[in-house]
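All remarks here apply to the structure that follows.
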Amino acid sequence: MIQAPPDTNRLSFRAWLDDDLDRFHDICSDPRVMEHVGNGEVWSRQQAAQFIQSATGTLREQGFCQWPVFHKSDHRLIGYCGFVKTGIAPEIGWRLSPEYWGKGLATEAARAILQYGFETLRFNCVVATVQAANAASIRVIDKLGMQLEDRFDRAGREVRIYAIESNAPSPHAKES
Ligand SMILES: CC(C)(COP(=O)(O)OP(=O)(O)OC[C@H]1O[C@@H](n2cnc3c(N)ncnc32)[C@H](O)[C@@H]1OP(=O)(O)O)[C@@H](O)C(=O)NCCC(=O)NCCS
C-alpha cells in the first residue's frame, strides 16, 4: 500500500503523480533553490522527471520517499520533504519553492516526516547531509534537534553530516 505522512496544520503529502512534473521542474530550475544543492546547477526537465520516477520506485519498494509537499491553503505543490536510503541510515531532505520560504514550512514538514520515520517506519536513526554554506537548511536541522557528526570536502564545498536517534531528547515531535 502506498503511504504518506499525515497532514500538518498547513501541509499535506502524497505519492508523486506525472502531472507534478511541470511545477516540480519550475522549482528545480530556479538558481536560488539549487544554489547549495550538488554543484549548484539547476535541473533540466529530464532530471526532475528522473527524481519523480526514482521517488515513485522507492515509495513502492521501501514504503517511503521524498514526498511532494502541498500547501493546504492553495493546494499547490511547494516542494518535497522525505527520506532517501543511504549507506549509513535513512537521510532526510527538503526543497521548497522560494515564495514559501521564511514561514516555518520546511521545519513543519520535516518535523512531521521525522516523527513519521521514527513512529511509523520504525527508523532507529536518521541523517541529514548539507552544504556548510546552506544556513537556512542548517537552521532547520538545528530546529529538529539533529547533531553534527562529520564534515568533509566534496568538490570544493564543505559538506556536513548530522544525525538524530529515535530516542533522542529532541524537539522533533513538537509542532510550532
Ligand atoms: C532550506 C529550505 C527548505 C528552508 O525552508 P523554509 O521553509 O524557509 O525553512 P523554515 O522557515 O522552516 O526555517 C528556516 C530557518 O532558517 C533561517 N534562515 C533563513 N535564511 C537564513 C540565512 N541566510 N542565515 C541564517 N538563517 C537563515 C530562518 O530565519 C529560519 O530560522 P528561524 O525559524 O529560527 O527564524 C529552503 O530554503 C530551500 O528550499 N532551499 C533550497 C533547497 C535546499 O537548499 N534544500 C536543502 C538541501 S540540504
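By order in the C-alpha cells, chains are A, B, ...; within a chain, residues start at 1; ligands start at 1, following the order shown.
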At a cut-off of 6 Å and counting only C-alpha atoms and all ligand atoms, what residues surround ligand 1? Please answer as a ChimeraX atom specification. /A:33-34,36-37,94-97,101-107,129-130,135-137,139-140
Kindly export the residues of the current selection with N, CA, C and O atoms, as a PDB file, in the first residue's frame.
```
ATOM      1  N   VAL A  33      17.040  28.070  -5.595  1.00  0.00           N
ATOM      2  CA  VAL A  33      16.734  26.777  -4.954  1.00  0.00           C
ATOM      3  C   VAL A  33      17.947  25.850  -5.004  1.00  0.00           C
ATOM      4  O   VAL A  33      18.236  25.125  -4.056  1.00  0.00           O
ATOM      5  N   MET A  34      18.683  25.891  -6.119  1.00  0.00           N
ATOM      6  CA  MET A  34      19.740  24.909  -6.341  1.00  0.00           C
ATOM      7  C   MET A  34      21.116  25.392  -5.899  1.00  0.00           C
ATOM      8  O   MET A  34      22.098  24.650  -6.010  1.00  0.00           O
ATOM      9  N   HIS A  36      22.766  25.648  -3.176  1.00  0.00           N
ATOM     10  CA  HIS A  36      23.544  24.807  -2.253  1.00  0.00           C
ATOM     11  C   HIS A  36      23.211  23.326  -2.407  1.00  0.00           C
ATOM     12  O   HIS A  36      23.294  22.555  -1.455  1.00  0.00           O
ATOM     13  N   VAL A  37      22.796  22.940  -3.598  1.00  0.00           N
ATOM     14  CA  VAL A  37      22.463  21.535  -3.871  1.00  0.00           C
ATOM     15  C   VAL A  37      23.442  21.020  -4.929  1.00  0.00           C
ATOM     16  O   VAL A  37      23.563  21.626  -6.005  1.00  0.00           O
ATOM     17  N   TRP A  94      14.916  18.159   2.070  1.00  0.00           N
ATOM     18  CA  TRP A  94      13.795  19.061   1.753  1.00  0.00           C
ATOM     19  C   TRP A  94      14.209  20.056   0.690  1.00  0.00           C
ATOM     20  O   TRP A  94      15.406  20.361   0.508  1.00  0.00           O
ATOM     21  N   ARG A  95      13.233  20.558  -0.022  1.00  0.00           N
ATOM     22  CA  ARG A  95      13.459  21.575  -1.060  1.00  0.00           C
ATOM     23  C   ARG A  95      12.124  22.266  -1.293  1.00  0.00           C
ATOM     24  O   ARG A  95      11.139  21.605  -1.619  1.00  0.00           O
ATOM     25  N   LEU A  96      12.077  23.586  -1.086  1.00  0.00           N
ATOM     26  CA  LEU A  96      10.809  24.310  -1.252  1.00  0.00           C
ATOM     27  C   LEU A  96      10.956  25.440  -2.260  1.00  0.00           C
ATOM     28  O   LEU A  96      12.051  25.983  -2.458  1.00  0.00           O
ATOM     29  N   SER A  97       9.856  25.830  -2.834  1.00  0.00           N
ATOM     30  CA  SER A  97       9.810  26.978  -3.737  1.00  0.00           C
ATOM     31  C   SER A  97      10.057  28.260  -2.932  1.00  0.00           C
ATOM     32  O   SER A  97       9.485  28.439  -1.855  1.00  0.00           O
ATOM     33  N   TRP A 101       9.410  30.298   1.329  1.00  0.00           N
ATOM     34  CA  TRP A 101      10.485  30.299   2.337  1.00  0.00           C
ATOM     35  C   TRP A 101      10.165  31.292   3.461  1.00  0.00           C
ATOM     36  O   TRP A 101       9.421  32.256   3.285  1.00  0.00           O
ATOM     37  N   GLY A 102      10.797  31.053   4.606  1.00  0.00           N
ATOM     38  CA  GLY A 102      10.740  32.001   5.715  1.00  0.00           C
ATOM     39  C   GLY A 102       9.432  32.001   6.477  1.00  0.00           C
ATOM     40  O   GLY A 102       9.137  32.958   7.202  1.00  0.00           O
ATOM     41  N   LYS A 103       8.636  30.945   6.326  1.00  0.00           N
ATOM     42  CA  LYS A 103       7.353  30.859   7.027  1.00  0.00           C
ATOM     43  C   LYS A 103       7.309  29.655   7.964  1.00  0.00           C
ATOM     44  O   LYS A 103       6.229  29.259   8.428  1.00  0.00           O
ATOM     45  N   GLY A 104       8.452  28.999   8.153  1.00  0.00           N
ATOM     46  CA  GLY A 104       8.487  27.819   9.024  1.00  0.00           C
ATOM     47  C   GLY A 104       7.965  26.555   8.375  1.00  0.00           C
ATOM     48  O   GLY A 104       7.741  25.540   9.051  1.00  0.00           O
ATOM     49  N   LEU A 105       7.769  26.582   7.051  1.00  0.00           N
ATOM     50  CA  LEU A 105       7.138  25.432   6.393  1.00  0.00           C
ATOM     51  C   LEU A 105       8.075  24.228   6.278  1.00  0.00           C
ATOM     52  O   LEU A 105       7.636  23.083   6.440  1.00  0.00           O
ATOM     53  N   ALA A 106       9.364  24.470   6.002  1.00  0.00           N
ATOM     54  CA  ALA A 106      10.304  23.333   5.924  1.00  0.00           C
ATOM     55  C   ALA A 106      10.399  22.657   7.293  1.00  0.00           C
ATOM     56  O   ALA A 106      10.402  21.423   7.386  1.00  0.00           O
ATOM     57  N   THR A 107      10.445  23.448   8.340  1.00  0.00           N
ATOM     58  CA  THR A 107      10.518  22.887   9.692  1.00  0.00           C
ATOM     59  C   THR A 107       9.252  22.110  10.014  1.00  0.00           C
ATOM     60  O   THR A 107       9.313  21.009  10.578  1.00  0.00           O
ATOM     61  N   THR A 129      22.380  15.465   5.198  1.00  0.00           N
ATOM     62  CA  THR A 129      23.610  15.940   4.558  1.00  0.00           C
ATOM     63  C   THR A 129      23.345  17.342   4.040  1.00  0.00           C
ATOM     64  O   THR A 129      22.342  17.560   3.356  1.00  0.00           O
ATOM     65  N   VAL A 130      24.254  18.269   4.372  1.00  0.00           N
ATOM     66  CA  VAL A 130      24.009  19.665   3.986  1.00  0.00           C
ATOM     67  C   VAL A 130      25.333  20.363   3.690  1.00  0.00           C
ATOM     68  O   VAL A 130      26.343  20.070   4.328  1.00  0.00           O
ATOM     69  N   ALA A 135      22.856  28.075   5.157  1.00  0.00           N
ATOM     70  CA  ALA A 135      22.489  28.476   6.529  1.00  0.00           C
ATOM     71  C   ALA A 135      21.027  28.162   6.861  1.00  0.00           C
ATOM     72  O   ALA A 135      20.715  27.744   7.978  1.00  0.00           O
ATOM     73  N   ALA A 136      20.127  28.339   5.897  1.00  0.00           N
ATOM     74  CA  ALA A 136      18.702  28.098   6.181  1.00  0.00           C
ATOM     75  C   ALA A 136      18.468  26.616   6.476  1.00  0.00           C
ATOM     76  O   ALA A 136      17.744  26.259   7.414  1.00  0.00           O
ATOM     77  N   SER A 137      19.094  25.759   5.682  1.00  0.00           N
ATOM     78  CA  SER A 137      18.897  24.323   5.875  1.00  0.00           C
ATOM     79  C   SER A 137      19.531  23.863   7.198  1.00  0.00           C
ATOM     80  O   SER A 137      18.964  23.021   7.909  1.00  0.00           O
ATOM     81  N   ARG A 139      19.787  25.649   9.819  1.00  0.00           N
ATOM     82  CA  ARG A 139      18.871  26.117  10.881  1.00  0.00           C
ATOM     83  C   ARG A 139      17.697  25.137  11.039  1.00  0.00           C
ATOM     84  O   ARG A 139      17.282  24.837  12.159  1.00  0.00           O
ATOM     85  N   VAL A 140      17.172  24.641   9.934  1.00  0.00           N
ATOM     86  CA  VAL A 140      16.092  23.644  10.020  1.00  0.00           C
ATOM     87  C   VAL A 140      16.609  22.391  10.753  1.00  0.00           C
ATOM     88  O   VAL A 140      15.940  21.857  11.653  1.00  0.00           O
TER      89      VAL A 140
END
```
Per DSSP on the backbone, what are the strand (DSSP E) residues of stretch 58-133 of chain A, as an MDAnalysis selection string? chainID A and resid 66:71 76:85 90:96 125:131
Write out as JSON, numbers by chain which residues come within 9 Å of A:Gln131 when counting only C-alpha atoms, dropping same-chain ones fewer than 5 positions away. {"A": [36, 37, 38, 137, 138, 157, 158, 159, 160, 161]}
How close does stretch 45-115 of chain A get to stretch 2-11 of chain A? List, as a tab-separated table, each residue of stretch 45-115 of chain A within 8 Å, its nearest atom pair and the distance in Å to one decimal, counting only C-alpha atoms.
```
residue	atom	partner	partner_atom	distance
A:Leu59	CA	A:Ile2	CA	6.9
A:Arg60	CA	A:Ile2	CA	6.5
A:Gly63	CA	A:Gln3	CA	6.5
A:Phe64	CA	A:Gln3	CA	7.3
A:Trp67	CA	A:Ala4	CA	7.3
A:Val69	CA	A:Leu11	CA	6.6
A:Phe70	CA	A:Leu11	CA	5.5
A:His71	CA	A:Leu11	CA	4.8
A:Lys72	CA	A:Leu11	CA	5.4
A:Ser73	CA	A:Arg10	CA	7.2
A:Leu105	CA	A:Arg10	CA	7.9
A:Glu108	CA	A:Thr8	CA	7.2
A:Ala109	CA	A:Leu11	CA	7.1
A:Ala112	CA	A:Thr8	CA	6.9
A:Ile113	CA	A:Pro5	CA	6.3
```
Proximity to A:Leu77 - best of A:Arg23, A:Lys143, A:Arg14, A:Arg32, only C-alpha atoms: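 Comparing A:Arg23, A:Lys143, A:Arg14, A:Arg32 against A:Leu77, the winner is A:Arg23.
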Residues of stretch 53-142 of chain A that have any atom at most 7 Å from an atom of stretch 164-168 of chain A: could you tabulate them with the shortest-distance atom pair and the distance in Å to one decimal, using only C-alpha atoms, ordered by chain and increasing number, as a tab-separated table?
```
residue	atom	partner	partner_atom	distance
A:Phe118	CA	A:Ser166	CA	5.6
A:Phe123	CA	A:Ser166	CA	6.9
A:Asn124	CA	A:Ser166	CA	5.1
A:Cys125	CA	A:Glu165	CA	4.3
A:Val126	CA	A:Ile164	CA	5.5
A:Val127	CA	A:Ile164	CA	6.5
```
Output N, CA, C and O atoms for every residue in that selection, as a tab-separated table (two decimals), in the first residue's frame.
```tsv
chain	number	residue	atom	x	y	z
A	118	PHE	N	10.25	7.82	12.62
A	118	PHE	CA	10.53	7.11	13.87
A	118	PHE	C	9.35	6.25	14.32
A	118	PHE	O	9.53	5.11	14.71
A	123	PHE	N	12.35	3.79	12.05
A	123	PHE	CA	13.78	4.06	11.88
A	123	PHE	C	14.42	4.24	13.26
A	123	PHE	O	13.80	4.82	14.17
A	124	ASN	N	15.66	3.79	13.39
A	124	ASN	CA	16.39	4.00	14.64
A	124	ASN	C	17.18	5.29	14.62
A	124	ASN	O	17.42	5.91	15.65
A	125	CYS	N	17.60	5.66	13.42
A	125	CYS	CA	18.47	6.84	13.27
A	125	CYS	C	18.21	7.46	11.91
A	125	CYS	O	17.95	6.74	10.94
A	126	VAL	N	18.24	8.78	11.84
A	126	VAL	CA	18.06	9.50	10.57
A	126	VAL	C	19.21	10.48	10.43
A	126	VAL	O	19.60	11.13	11.41
A	127	VAL	N	19.78	10.57	9.23
A	127	VAL	CA	20.86	11.51	8.99
A	127	VAL	C	20.41	12.62	8.03
A	127	VAL	O	19.38	12.47	7.36
```
Using only C-alpha atoms, pick whichever of A:Asp142, A:Glu61, A:Glu99, A:Glu91 has the shortest atom-to-atom distance to A:Ile78. A:Glu99
Among chain A, which residues does DSSP mark as alpha helix (DSSP H) when it is run on the backbone? Keep the chain and numbering as in the structure and answer as a count of residues only. 55
Which residues come within 12 Å of A:Phe51, counting only C-alpha atoms, excluding same-chain residues fewer than 6 positions away, as a list in words? Trp16, Leu17, Asp18, Asp20, Leu21, Phe24, His25, Cys28, Trp43, Ser44, Arg45, Gly57, Thr58, Cys65, Gln66, Trp67, Pro68, Tyr80 and Val84 of chain A
note - atom CA of A:Leu144 and atom CA of A:Ala163 are separated by 9.9 Å
